[in-house]
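Colleague: See data.txt below, with compact mmCIF, C-alpha atoms and all ligand atoms.
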# COMPACT_ATOMS: atom_id res chain seq x y z
CA MET O 17 139.50 37.83 -3.48
CA THR O 18 140.41 38.05 -7.15
CA ARG O 19 140.37 34.43 -8.21
CA PRO O 20 137.36 32.12 -7.70
CA LEU O 21 138.02 29.35 -5.17
CA PRO O 22 138.30 25.75 -6.39
CA PRO O 23 135.48 23.36 -5.42
CA VAL O 24 135.77 21.43 -2.16
CA HIS O 25 136.33 17.65 -2.52
CA PHE O 26 134.84 14.99 -0.23
CA LEU O 27 135.90 11.36 -0.49
CA LEU O 28 133.39 8.56 0.12
CA VAL O 29 134.74 5.05 0.54
CA ASP O 30 132.39 2.06 0.68
CA ASP O 31 132.51 -1.34 -1.00
CA LEU O 32 128.80 -1.17 -1.80
CA GLU O 33 127.83 0.96 -4.78
CA GLU O 34 124.31 1.61 -3.44
CA ASN O 35 125.75 3.07 -0.21
CA LEU O 36 128.01 5.37 -2.21
CA VAL O 37 125.07 6.53 -4.34
CA SER O 38 122.83 7.27 -1.37
CA LEU O 39 125.62 9.05 0.55
CA GLU O 40 126.35 11.13 -2.51
CA ALA O 41 122.67 12.11 -2.84
CA LEU O 42 122.63 13.06 0.82
CA LEU O 43 125.73 15.26 0.74
CA LYS O 44 125.30 16.86 -2.67
CA ARG O 45 125.59 20.67 -2.68
CA ASP O 46 126.98 23.48 -4.76
CA GLU O 47 130.75 23.83 -5.04
CA LEU O 48 131.27 20.33 -3.70
CA VAL O 49 132.79 17.53 -5.77
CA ILE O 50 132.21 14.05 -4.42
CA LEU O 51 134.84 11.40 -5.13
CA LYS O 52 133.74 7.80 -4.73
CA ALA O 53 135.95 4.78 -4.08
CA ARG O 54 134.90 1.14 -3.78
CA SER O 55 138.04 0.08 -1.91
CA GLY O 56 140.95 1.38 0.16
CA ASP O 57 143.28 1.13 -2.83
CA GLU O 58 140.99 3.14 -5.06
CA ALA O 59 140.69 5.72 -2.27
CA LEU O 60 144.48 6.06 -1.95
CA GLU O 61 144.75 6.64 -5.69
CA LEU O 62 142.13 9.40 -5.56
CA LEU O 63 143.91 10.96 -2.58
CA LEU O 64 147.07 11.23 -4.64
CA GLU O 65 145.27 13.34 -7.23
CA HIS O 66 142.96 15.52 -5.15
CA ASP O 67 143.01 17.72 -2.07
CA VAL O 68 140.24 16.34 0.07
CA GLY O 69 138.33 18.27 2.75
CA LEU O 70 136.63 15.25 4.35
CA ALA O 71 136.87 11.46 4.03
CA LEU O 72 133.86 9.35 4.90
CA LEU O 73 135.13 5.80 5.40
CA ASP O 74 133.08 2.67 5.76
CA VAL O 75 134.74 0.67 8.53
CA GLN O 76 133.83 -2.79 7.30
CA MET O 77 135.20 -3.44 3.87
CA PRO O 78 136.76 -6.55 2.39
CA GLY O 79 140.56 -6.23 1.94
CA MET O 80 141.78 -2.98 3.46
CA ASP O 81 139.14 -1.89 5.99
CA GLY O 82 138.35 1.69 6.96
CA PHE O 83 140.76 1.73 9.91
CA GLU O 84 143.66 0.43 7.83
CA LEU O 85 142.94 3.02 5.19
CA ALA O 86 142.98 5.70 7.90
CA GLU O 87 146.36 4.42 9.10
CA PHE O 88 147.71 4.75 5.58
CA MET O 89 146.36 8.27 5.37
CA ARG O 90 148.08 9.17 8.65
CA GLY O 91 151.33 7.85 7.25
CA SER O 92 151.60 10.46 4.52
CA ASP O 93 152.14 14.21 4.89
CA ARG O 94 149.69 14.92 2.12
CA THR O 95 146.74 13.15 3.71
CA ARG O 96 147.63 13.24 7.42
CA ASN O 97 145.36 16.12 8.29
CA ILE O 98 142.29 15.13 6.33
CA PRO O 99 139.33 14.93 8.71
CA ILE O 100 137.75 11.47 8.78
CA ILE O 101 134.27 10.28 9.62
CA PHE O 102 134.04 6.51 10.10
CA VAL O 103 130.75 4.90 9.21
CA THR O 104 130.30 1.94 11.57
CA ALA O 105 127.80 -0.88 11.71
CA GLY O 106 126.49 0.39 15.02
CA THR O 107 128.67 -1.22 17.69
CA SER O 108 129.87 1.38 20.14
CA ASP O 109 133.22 -0.34 20.78
CA ALA O 110 134.38 0.66 17.29
CA ARG O 111 135.93 3.74 18.87
CA ARG O 112 138.01 1.60 21.14
CA ARG O 113 139.12 -0.63 18.30
CA PHE O 114 140.68 2.29 16.54
CA ARG O 115 143.79 3.03 18.50
CA GLY O 116 146.90 5.09 17.99
CA TYR O 117 144.89 7.52 16.03
CA GLU O 118 144.73 10.69 18.06
CA ALA O 119 145.78 13.39 15.67
CA GLY O 120 143.29 15.27 13.54
CA ALA O 121 139.55 15.35 13.46
CA VAL O 122 137.97 11.94 13.71
CA ASP O 123 134.31 11.27 14.12
CA PHE O 124 132.05 8.24 14.07
CA ILE O 125 128.59 7.86 12.64
CA GLN O 126 126.46 4.78 12.99
CA LYS O 127 124.33 2.95 10.49
CA PRO O 128 121.50 3.45 9.77
CA ILE O 129 122.67 6.93 9.05
CA GLU O 130 120.59 9.85 10.28
CA SER O 131 120.70 12.16 7.30
CA ASP O 132 120.38 15.41 9.24
CA VAL O 133 123.21 14.51 11.59
CA LEU O 134 125.55 13.54 8.77
CA ARG O 135 124.63 16.56 6.67
CA SER O 136 125.32 19.00 9.50
CA LYS O 137 128.66 17.34 10.33
CA ALA O 138 129.62 17.41 6.65
CA ASN O 139 128.67 21.10 6.44
CA VAL O 140 131.06 21.92 9.27
CA PHE O 141 133.93 20.27 7.37
CA PHE O 142 132.88 21.96 4.12
CA ASP O 143 133.06 25.37 5.83
CA LEU O 144 136.40 24.53 7.43
CA CYS O 145 137.83 23.54 4.09
CA ARG O 146 136.51 26.72 2.48
CA GLN O 147 138.12 28.83 5.20
CA ARG O 148 141.42 27.07 4.65
CA GLN O 149 141.15 27.77 0.92
CA VAL O 150 140.43 31.45 1.59
CA VAL O 151 143.43 31.71 3.90
CA ALA O 152 145.66 29.90 1.37
CA ALA O 153 144.49 32.20 -1.45
CA GLN O 154 145.14 35.28 0.69
CA ARG O 155 148.58 33.95 1.58
CA ASP O 156 149.34 33.41 -2.15
CA GLU O 157 148.21 36.94 -2.96
CA LEU O 158 150.30 38.39 -0.17
CA GLU O 159 153.33 36.42 -1.31
CA ALA O 160 152.86 37.63 -4.89
CA ALA O 161 152.46 41.22 -3.69
CA SER O 162 155.56 40.97 -1.56
CA ARG O 163 157.58 39.48 -4.45
CA ALA O 164 156.41 42.36 -6.67
CA LEU O 165 157.47 44.86 -3.99
CA VAL O 166 160.91 43.30 -3.71
CA THR O 167 161.35 43.47 -7.51
CA ALA O 168 160.12 47.07 -7.62
CA ASP O 169 162.45 47.97 -4.79
CA ARG O 170 165.42 46.38 -6.54
CA ARG O 171 164.57 48.17 -9.78
CA LYS O 172 164.33 51.46 -7.93
CA ASP O 173 167.79 50.86 -6.43
CA GLU O 174 169.23 50.05 -9.84
CA PHE O 175 167.53 53.10 -11.23
CA LEU O 176 168.91 55.39 -8.53
CA ALA O 177 172.41 54.07 -9.14
CA THR O 178 172.11 54.70 -12.89
CA LEU O 179 170.50 58.06 -12.33
CA ALA O 180 173.28 59.20 -10.02
CA HIS O 181 175.78 58.16 -12.66
CA GLU O 182 173.89 59.93 -15.44
CA LEU O 183 173.63 63.12 -13.42
CA ARG O 184 177.24 63.09 -12.35
CA ASN O 185 178.73 62.73 -15.83
CA PRO O 186 177.32 65.89 -17.40
CA LEU O 187 177.85 67.81 -14.16
CA ALA O 188 181.51 66.84 -14.15
CA ALA O 189 181.78 67.94 -17.77
CA VAL O 190 180.15 71.28 -17.03
CA LYS O 191 182.47 71.84 -14.07
CA ALA O 192 185.51 71.02 -16.19
CA GLY O 193 184.18 73.43 -18.84
CA ILE O 194 183.96 76.27 -16.33
CA ARG O 195 187.58 75.67 -15.25
CA LEU O 196 188.71 75.75 -18.87
CA LEU O 197 186.78 78.93 -19.52
CA GLU O 198 188.49 80.57 -16.59
CA ARG O 199 191.89 79.83 -18.09
CA ARG O 200 191.36 80.31 -21.84
CA GLU O 201 191.48 83.64 -23.54
CA ASP O 202 190.82 82.26 -27.02
CA ALA O 203 187.29 83.37 -28.01
CA GLY O 204 186.74 80.54 -30.55
CA GLN O 205 187.65 77.86 -28.08
CA ALA O 206 185.55 79.48 -25.39
CA ALA O 207 182.50 79.36 -27.69
CA GLU O 208 183.09 75.67 -28.36
CA ILE O 209 183.35 74.91 -24.64
CA ARG O 210 180.18 76.92 -23.97
CA ASP O 211 178.40 74.91 -26.69
CA GLN O 212 179.42 71.65 -25.11
CA MET O 213 178.32 72.83 -21.70
CA ASP O 214 175.03 73.95 -23.15
CA ARG O 215 174.42 70.51 -24.65
CA ARG O 216 175.22 68.78 -21.36
CA ILE O 217 172.93 71.12 -19.47
CA GLY O 218 170.20 70.50 -22.07
CA TYR O 219 170.56 66.79 -21.49
CA LEU O 220 170.41 67.23 -17.71
CA THR O 221 167.32 69.39 -17.99
CA ARG O 222 165.58 66.82 -20.19
CA LEU O 223 166.37 64.08 -17.70
CA VAL O 224 165.10 66.05 -14.74
CA ASP O 225 161.98 67.14 -16.69
CA ASP O 226 161.15 63.52 -17.54
CA LEU O 227 161.59 62.51 -13.93
CA LEU O 228 159.32 65.29 -12.76
CA ASP O 229 156.73 64.36 -15.37
CA ILE O 230 156.74 60.74 -14.32
CA SER O 231 156.13 61.53 -10.67
CA ARG O 232 153.47 64.11 -11.57
CA ILE O 233 151.65 61.59 -13.75
CA SER O 234 151.84 58.77 -11.24
CA GLU O 235 150.42 61.09 -8.59
CA GLY O 236 147.69 62.15 -11.02
CA LYS O 237 148.94 65.74 -10.88
CA ILE O 238 149.55 66.33 -14.54
CA SER O 239 147.09 68.67 -16.17
CA LEU O 240 146.72 68.73 -19.92
CA ARG O 241 146.29 72.08 -21.62
CA LYS O 242 144.04 70.80 -24.33
CA GLU O 243 143.15 72.88 -27.34
CA ARG O 244 141.99 72.35 -30.89
CA VAL O 245 145.07 72.00 -33.02
CA GLU O 246 145.84 70.89 -36.51
CA LEU O 247 148.04 67.85 -36.51
CA ARG O 248 150.57 69.36 -38.91
CA ALA O 249 151.68 71.95 -36.33
CA ILE O 250 152.34 69.25 -33.76
CA VAL O 251 154.23 67.04 -36.18
CA GLN O 252 156.35 69.98 -37.27
CA ALA O 253 157.33 70.84 -33.70
CA ALA O 254 158.21 67.19 -33.01
CA VAL O 255 160.29 66.78 -36.17
CA GLU O 256 162.16 70.01 -35.40
CA ALA O 257 162.94 68.77 -31.91
CA SER O 258 164.29 65.47 -33.22
CA GLN O 259 166.05 66.77 -36.32
CA VAL O 260 169.48 66.97 -34.65
CA ASP O 261 169.29 63.35 -33.52
CA LEU O 262 168.11 62.19 -36.94
CA ASP O 263 170.83 64.16 -38.75
CA ASP O 264 173.62 63.20 -36.35
CA ALA O 265 173.11 59.55 -37.18
CA ASN O 266 172.73 60.28 -40.86
CA HIS O 267 169.28 58.70 -41.06
CA ALA O 268 166.97 59.17 -44.04
CA PHE O 269 163.70 60.57 -42.70
CA SER O 270 160.38 60.50 -44.54
CA LEU O 271 157.10 62.09 -43.57
CA ASP O 272 153.76 60.93 -44.88
CA LEU O 273 150.82 63.16 -43.90
CA PRO O 274 147.21 63.12 -45.07
CA ASN O 275 146.35 65.75 -47.68
CA GLU O 276 143.53 67.13 -45.65
CA GLU O 277 143.65 68.85 -42.33
CA VAL O 278 143.30 66.69 -39.25
CA TRP O 279 142.08 68.39 -36.10
CA LEU O 280 142.76 67.10 -32.64
CA GLU O 281 141.75 68.18 -29.17
CA VAL O 282 145.04 67.65 -27.37
CA ASP O 283 147.76 69.33 -25.34
CA PRO O 284 150.00 70.27 -28.31
CA VAL O 285 153.19 70.45 -26.23
CA ARG O 286 152.63 67.00 -24.72
CA MET O 287 151.63 65.47 -28.03
CA ALA O 288 154.72 66.89 -29.74
CA GLN O 289 156.73 65.41 -26.86
CA VAL O 290 155.19 61.99 -27.62
CA ILE O 291 156.09 62.08 -31.31
CA ALA O 292 159.55 63.54 -30.66
CA ASN O 293 160.24 60.83 -28.12
CA LEU O 294 159.33 58.10 -30.59
CA LEU O 295 161.46 59.74 -33.29
CA ASN O 296 164.42 60.10 -30.91
CA ASN O 297 164.15 56.45 -29.98
CA ALA O 298 163.97 55.45 -33.65
CA ALA O 299 167.14 57.48 -34.22
CA LYS O 300 168.90 55.96 -31.20
CA TYR O 301 168.00 52.35 -31.86
CA THR O 302 168.80 52.38 -35.57
CA PRO O 303 172.41 52.05 -36.73
CA PRO O 304 173.71 55.12 -38.65
CA GLY O 305 172.35 55.59 -42.15
CA GLY O 306 169.02 53.94 -41.39
CA ASN O 307 165.51 54.77 -42.57
CA ILE O 308 162.95 56.37 -40.34
CA ALA O 309 159.41 57.22 -41.34
CA LEU O 310 156.54 59.02 -39.69
CA LYS O 311 153.21 58.08 -41.26
CA VAL O 312 149.92 59.61 -40.28
CA ARG O 313 146.55 58.24 -41.30
CA ALA O 314 143.19 59.67 -40.40
CA ASP O 315 140.01 57.73 -40.76
CA ASP O 316 136.54 57.81 -39.29
CA GLY O 317 137.26 60.05 -36.34
CA ARG O 318 140.53 58.35 -35.52
CA VAL O 319 144.13 59.26 -36.15
CA GLU O 320 146.99 56.81 -36.36
CA LEU O 321 150.57 58.01 -36.09
CA CYS O 322 153.19 55.44 -36.90
CA VAL O 323 156.92 55.87 -36.30
CA GLN O 324 158.79 53.19 -38.19
CA ASP O 325 162.48 52.37 -38.29
CA ASP O 326 164.68 49.66 -39.74
CA GLY O 327 166.86 49.45 -36.65
CA VAL O 328 167.75 46.91 -34.00
CA GLY O 329 164.15 45.75 -33.38
CA ILE O 330 162.61 44.56 -30.13
CA PRO O 331 162.41 40.95 -28.89
CA LEU O 332 158.83 39.68 -28.59
CA ASP O 333 158.99 39.16 -24.83
CA MET O 334 159.94 42.82 -24.30
CA GLN O 335 157.29 44.37 -26.53
CA THR O 336 154.82 45.11 -23.73
CA ARG O 337 157.41 45.54 -21.00
CA ILE O 338 159.20 48.49 -22.60
CA PHE O 339 156.16 50.68 -21.87
CA LYS O 340 156.78 50.23 -18.16
CA ILE O 341 159.06 52.62 -16.34
CA PHE O 342 162.77 51.67 -16.15
CA GLU O 343 162.31 48.74 -18.56
CA GLN O 344 164.99 48.52 -21.21
CA VAL O 345 166.09 45.75 -23.52
CA SER O 346 169.39 44.86 -21.87
CA GLU O 347 171.21 44.38 -25.19
CA HIS O 348 170.19 47.92 -26.13
CA ARG O 349 171.76 49.66 -23.12
CA SER O 350 174.84 50.72 -25.04
CA ARG O 351 172.57 52.59 -27.48
CA ALA O 352 170.31 54.20 -24.88
CA ALA O 353 172.55 57.31 -24.86
CA GLY O 354 172.03 57.85 -21.17
CA GLY O 355 168.31 57.04 -21.37
CA LEU O 356 166.94 55.37 -18.27
CA GLY O 357 163.87 53.63 -19.63
CA ILE O 358 161.52 56.48 -18.78
CA GLY O 359 160.56 57.81 -22.22
CA LEU O 360 158.07 55.18 -23.36
CA ALA O 361 156.38 55.01 -19.95
CA LEU O 362 155.83 58.74 -20.18
CA VAL O 363 154.67 58.48 -23.80
CA ARG O 364 152.12 55.82 -22.92
CA GLN O 365 150.78 57.80 -19.98
CA ILE O 366 150.38 60.96 -22.04
CA VAL O 367 148.67 59.06 -24.87
CA GLU O 368 146.30 57.34 -22.45
CA LEU O 369 145.48 60.64 -20.74
CA HIS O 370 144.29 61.75 -24.19
CA GLY O 371 142.04 58.70 -24.53
CA GLY O 372 144.41 57.04 -26.98
CA SER O 373 146.56 53.93 -27.10
CA ILE O 374 150.07 52.95 -28.15
CA ALA O 375 151.44 49.63 -29.40
CA VAL O 376 154.62 48.36 -30.96
CA GLU O 377 155.28 45.84 -33.67
CA SER O 378 158.65 44.31 -34.39
CA ALA O 379 159.58 41.03 -35.98
CA GLY O 380 162.50 40.82 -33.51
CA GLU O 381 166.22 41.43 -33.55
CA ARG O 382 167.47 43.70 -36.35
CA ALA O 383 163.98 43.67 -37.90
CA GLY O 384 163.13 47.30 -37.13
CA SER O 385 160.22 48.55 -35.05
CA ALA O 386 156.94 50.34 -35.66
CA PHE O 387 155.25 52.28 -32.85
CA THR O 388 151.62 53.19 -33.53
CA VAL O 389 149.75 55.83 -31.54
CA LYS O 390 145.97 55.92 -31.96
CA LEU O 391 144.06 59.03 -30.97
CA PRO O 392 140.50 60.26 -31.34
CA ALA O 393 140.15 63.11 -33.87
CA VAL O 394 137.84 66.02 -33.18
CA SER O 395 135.36 65.52 -35.95
CA PRO O 396 135.22 62.67 -38.40
CA ARG O 397 136.30 63.74 -41.85
CA GLU O 398 136.83 61.97 -45.08
CA ILE O 399 140.54 62.18 -45.60
CA THR O 400 142.47 60.97 -48.57
CA VAL O 401 145.54 59.12 -47.48
CA THR O 402 148.70 59.76 -49.45
CA ALA O 403 150.63 56.75 -50.56
P1 LIG P 1 165.38 54.64 -23.07
O1 LIG P 1 165.47 54.83 -24.56
O2 LIG P 1 165.77 55.84 -22.32
O3 LIG P 1 166.07 53.42 -22.60
P2 LIG P 1 162.48 54.31 -23.41
O4 LIG P 1 161.45 54.19 -22.34
O5 LIG P 1 162.30 55.39 -24.41
O6 LIG P 1 163.86 54.45 -22.64
O7 LIG P 1 162.58 52.92 -24.15
C1 LIG P 1 162.62 51.73 -23.40
C2 LIG P 1 163.38 50.66 -24.16
O8 LIG P 1 162.64 50.28 -25.32
C3 LIG P 1 164.73 51.10 -24.70
O9 LIG P 1 165.73 50.96 -23.71
C4 LIG P 1 164.94 50.14 -25.86
O10 LIG P 1 165.45 48.92 -25.40
C5 LIG P 1 163.52 49.91 -26.38
N1 LIG P 1 163.17 50.73 -27.55
C6 LIG P 1 162.48 51.89 -27.58
N2 LIG P 1 162.33 52.35 -28.84
C7 LIG P 1 162.94 51.45 -29.65
C8 LIG P 1 163.15 51.36 -31.08
N3 LIG P 1 162.67 52.27 -31.93
N4 LIG P 1 163.82 50.26 -31.53
C9 LIG P 1 164.31 49.32 -30.68
N5 LIG P 1 164.14 49.36 -29.33
C10 LIG P 1 163.49 50.42 -28.83
What does this structure look like when you write it as structure tokens?
Modeller:
Amino acid sequence: MTRPLPPVHFLLVDDLEENLVSLEALLKRDELVILKARSGDEALELLLEHDVGLALLDVQMPGMDGFELAEFMRGSDRTRNIPIIFVTAGTSDARRRFRGYEAGAVDFIQKPIESDVLRSKANVFFDLCRQRQVVAAQRDELEAASRALVTADRRKDEFLATLAHELRNPLAAVKAGIRLLERREDAGQAAEIRDQMDRRIGYLTRLVDDLLDISRISEGKISLRKERVELRAIVQAAVEASQVDLDDANHAFSLDLPNEEVWLEVDPVRMAQVIANLLNNAAKYTPPGGNIALKVRADDGRVELCVQDDGVGIPLDMQTRIFKIFEQVSEHRSRAAGGLGIGLALVRQIVELHGGSIAVESAGERAGSAFTVKLPAVSPREITVTA
């Protein structure tokens, strides 16, 4: 059980304060809240506010007596099934006087009250109420789990539909390219067609690679090939991989690295993939001619890599969700360039496998975004940070 159970409530109804006080003292126990009412009306008010596991009703009260109160309780769905113990003045025909009252647990106890008898009866109802709470909590958890499964299932269906579409488009283009190549003699045109086909195949390969990575990571099958590397080499590989995307959109790119060497113990290929992915996203989600910066700071055994853009920004409510697989900001879909919402999930998993973390900051729509990756460095060094 993940959440603690709420306390059990018992309701005591008696017109005499001293009776209420002594009953309360008798029944007191952990995780039990005792509600006290001096009249039937007060009791009905309390019943509106609380779920009650047992009602202990004095039969003889001025105004509404215990039996009338019980009739009222039977009249409402909310209180119909509350077990009742009537406290009677000791005449055995009280049972007969209470008619038409068959449903639910009803018990009688006579004054003077035998404490042990009442306590053991009350304990039975306490346990019953607890069991009901446990069952209700389990039902809630099951319902939540089943809702989550339905959502996940729907997202998987949507994903498969998009994936099929994304795979079919480049395949169709490649097929058309082959037909054209068969017909054309012109060497220049053939080279252009081959180039296009190559790009499409590159895109397909990237998509399939990401998909494979995701399933490997979620099955815990990914193995990092960690080695000691200087950060500069990784950054260089990442920038090279993203250069085409940055140039195509005519973005201004700036790189801010520490003067001193920063050594990491990471899988250099995976880490370059992380940075390249963030740079590609910055390029995609920034209108042409934007500004993109990669800033690295190293301090006290930690490295912070920040990829900043002045693009479309990310709404606040999506800022944690985008790190989950298949999550995309719906208004951004036209810019996703065939992306399926896998990249950031993969990035986060790789960063976390390295003992690091990733977060995003964005002041919202059109306010740009800044993704910061934090990683442990191999040995703490004093590093001067360039402005
Ligand atoms: P994809 O880009 O393929 O959709 P990602 O997992 O890389 O998948 O990103 C998930 C979503 O996060 C994107 O669809 C986009 O809505 C949002 N996003 C990612 N990077 C940025 C960015 N730099 N600026 C604005 N939105 C971004």
Colleague: Tell me which of O:His348, O:Arg313, O:Arg215, O:Arg96 sits closest to ligand LIG 1 (chain P), counting all atoms listed in the file.
Modeller: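 Answer, going by the shortest atom-to-atom distance: O:His348.
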Colleague: When you look at O:Met77 with a cut-off of 9 Å (counting all atoms listed in the file), what residues show up, excluding the ones that are within fewer than 4 positions of it in the same chain? I need them as a PDB file with C-alpha atoms, keeping the file's coordinate frame.
Modeller:
ATOM      1  CA  ASP O  30     132.390   2.060   0.680  1.00  0.00           C
ATOM      2  CA  ASP O  31     132.510  -1.340  -1.000  1.00  0.00           C
ATOM      3  CA  LEU O  32     128.800  -1.170  -1.800  1.00  0.00           C
ATOM      4  CA  ARG O  54     134.900   1.140  -3.780  1.00  0.00           C
ATOM      5  CA  SER O  55     138.040   0.080  -1.910  1.00  0.00           C
ATOM      6  CA  GLY O  56     140.950   1.380   0.160  1.00  0.00           C
ATOM      7  CA  ASP O  81     139.140  -1.890   5.990  1.00  0.00           C
ATOM      8  CA  GLY O  82     138.350   1.690   6.960  1.00  0.00           C
TER       9      GLY O  82
END
Colleague: Identify which of the residues O:Val278, O:Ala352, O:Ala41, O:Val29 lies closest to ligand LIG 1 (chain P), counting only C-alpha atoms and all ligand atoms when measuring atom-to-atom distances.
Modeller: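 The shortest atom-to-atom distance to ligand LIG 1 (chain P) comes from O:Ala352.
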Colleague: Please identify all protein, DNA and RNA residues within 7 Å of ligand LIG 1 (chain P), counting only C-alpha atoms and all ligand atoms, and report them as an NGL selection string.
Modeller: :O and (293-294 or 297-298 or 301-302 or 325 or 327-330 or 338-339 or 341-346 or 348-349 or 352 or 354-361 or 384-385)
Colleague: What does the file look like for those residues with C-alpha atoms, as a tab-separated table (two decimals), keeping the file's coordinate frame?
Modeller:
chain	number	residue	atom	x	y	z
O	293	ASN	CA	160.24	60.83	-28.12
O	294	LEU	CA	159.33	58.10	-30.59
O	297	ASN	CA	164.15	56.45	-29.98
O	298	ALA	CA	163.97	55.45	-33.65
O	301	TYR	CA	168.00	52.35	-31.86
O	302	THR	CA	168.80	52.38	-35.57
O	325	ASP	CA	162.48	52.37	-38.29
O	327	GLY	CA	166.86	49.45	-36.65
O	328	VAL	CA	167.75	46.91	-34.00
O	329	GLY	CA	164.15	45.75	-33.38
O	330	ILE	CA	162.61	44.56	-30.13
O	338	ILE	CA	159.20	48.49	-22.60
O	339	PHE	CA	156.16	50.68	-21.87
O	341	ILE	CA	159.06	52.62	-16.34
O	342	PHE	CA	162.77	51.67	-16.15
O	343	GLU	CA	162.31	48.74	-18.56
O	344	GLN	CA	164.99	48.52	-21.21
O	345	VAL	CA	166.09	45.75	-23.52
O	346	SER	CA	169.39	44.86	-21.87
O	348	HIS	CA	170.19	47.92	-26.13
O	349	ARG	CA	171.76	49.66	-23.12
O	352	ALA	CA	170.31	54.20	-24.88
O	354	GLY	CA	172.03	57.85	-21.17
O	355	GLY	CA	168.31	57.04	-21.37
O	356	LEU	CA	166.94	55.37	-18.27
O	357	GLY	CA	163.87	53.63	-19.63
O	358	ILE	CA	161.52	56.48	-18.78
O	359	GLY	CA	160.56	57.81	-22.22
O	360	LEU	CA	158.07	55.18	-23.36
O	361	ALA	CA	156.38	55.01	-19.95
O	384	GLY	CA	163.13	47.30	-37.13
O	385	SER	CA	160.22	48.55	-35.05
Colleague: Measuring between only C-alpha atoms, which one of O:Leu280, O:Val394, O:Val68, O:Val389 shows the shortest distance to O:Leu144?
Modeller: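 Selected residue with least distance to O:Leu144: O:Val68.
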Colleague: With 12 Å as the cut-off and all atoms listed in the file counted, what is the closest atom pair between each nearby residue of stretch 262-308 of chain O and stretch 223-239 of chain O? Distances in Å to one decimal, ordered by chain and number, as a Markdown table.
Modeller:
| residue | atom | partner | partner_atom | distance |
| --- | --- | --- | --- | --- |
| O:Val282 | CA | O:Ser239 | CA | 11.4 |
| O:Asp283 | CA | O:Ser239 | CA | 9.2 |
| O:Val285 | CA | O:Ser239 | CA | 11.9 |
| O:Arg286 | CA | O:Ser239 | CA | 10.3 |
| O:Gln289 | CA | O:Asp226 | CA | 10.5 |
| O:Val290 | CA | O:Asp226 | CA | 11.8 |
| O:Asn293 | CA | O:Asp226 | CA | 11.0 |
Colleague: Give me a file of those residues, with C-alpha atoms, as an mmCIF file, keeping the file's coordinate frame.
Modeller:
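Once everything was written out, this is selection.cif:
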data_model
loop_
_atom_site.group_PDB
_atom_site.id
_atom_site.type_symbol
_atom_site.label_atom_id
_atom_site.label_comp_id
_atom_site.auth_asym_id
_atom_site.auth_seq_id
_atom_site.Cartn_x
_atom_site.Cartn_y
_atom_site.Cartn_z
ATOM 1 C CA VAL O 282 145.040 67.650 -27.370
ATOM 2 C CA ASP O 283 147.760 69.330 -25.340
ATOM 3 C CA VAL O 285 153.190 70.450 -26.230
ATOM 4 C CA ARG O 286 152.630 67.000 -24.720
ATOM 5 C CA GLN O 289 156.730 65.410 -26.860
ATOM 6 C CA VAL O 290 155.190 61.990 -27.620
ATOM 7 C CA ASN O 293 160.240 60.830 -28.120
#
Colleague: Given only C-alpha atoms as the basis, pick out the residue of O:Asp93, O:Glu198, O:Glu87, O:Asp74 nearest to O:Ile125.
Modeller: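 When distances to O:Ile125 are compared using only C-alpha atoms, the smallest one comes from O:Asp74.
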Colleague: Could you give me, as a PDB file with C-alpha atoms, in the frame of the given file, the residues within 10 Å of O:Ser131, counting only C-alpha atoms and dropping anything in the same chain fewer than 4 positions from it?
Modeller:
ATOM      1  CA  LEU O  39     125.620   9.050   0.550  1.00  0.00           C
ATOM      2  CA  LEU O  42     122.630  13.060   0.820  1.00  0.00           C
ATOM      3  CA  LEU O  43     125.730  15.260   0.740  1.00  0.00           C
ATOM      4  CA  ARG O 135     124.630  16.560   6.670  1.00  0.00           C
ATOM      5  CA  SER O 136     125.320  19.000   9.500  1.00  0.00           C
ATOM      6  CA  LYS O 137     128.660  17.340  10.330  1.00  0.00           C
TER       7      LYS O 137
END
Colleague: Of the candidates O:Arg19, O:Arg90, O:Arg171, O:Lys127, which shows the shortest atom-to-atom distance to O:Thr104, using all atoms listed in the file?
Modeller: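 Ranked by minimum distance to O:Thr104, first place goes to O:Lys127.
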Colleague: Have a look at O:Ala254, O:Ala153, O:Ala309, O:Leu240 and name the one nearest to O:Leu271; count all atoms listed in the file.
Modeller: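 Ranking O:Ala254, O:Ala153, O:Ala309, O:Leu240 by distance to O:Leu271, first place goes to O:Ala309.
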Colleague: Provide the atom CA of O:Gly305 to atom CA of O:Gln252 distance in Å, to one decimal place.
Modeller: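 So the answer is 22.1 Å.
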Colleague: Considering all atoms listed in the file, return as a PyMOL selection string whatever protein or nucleic-acid residues lie within 10 Å of O:Asn266, sequence-local ones (same chain, fewer than 6 positions apart) excluded.
Modeller: chain O and resi 260+299+303-307
Colleague: Distance atom CA of O:Val255-atom CA of O:Ser270, one decimal place?
Modeller: 10.5 Å
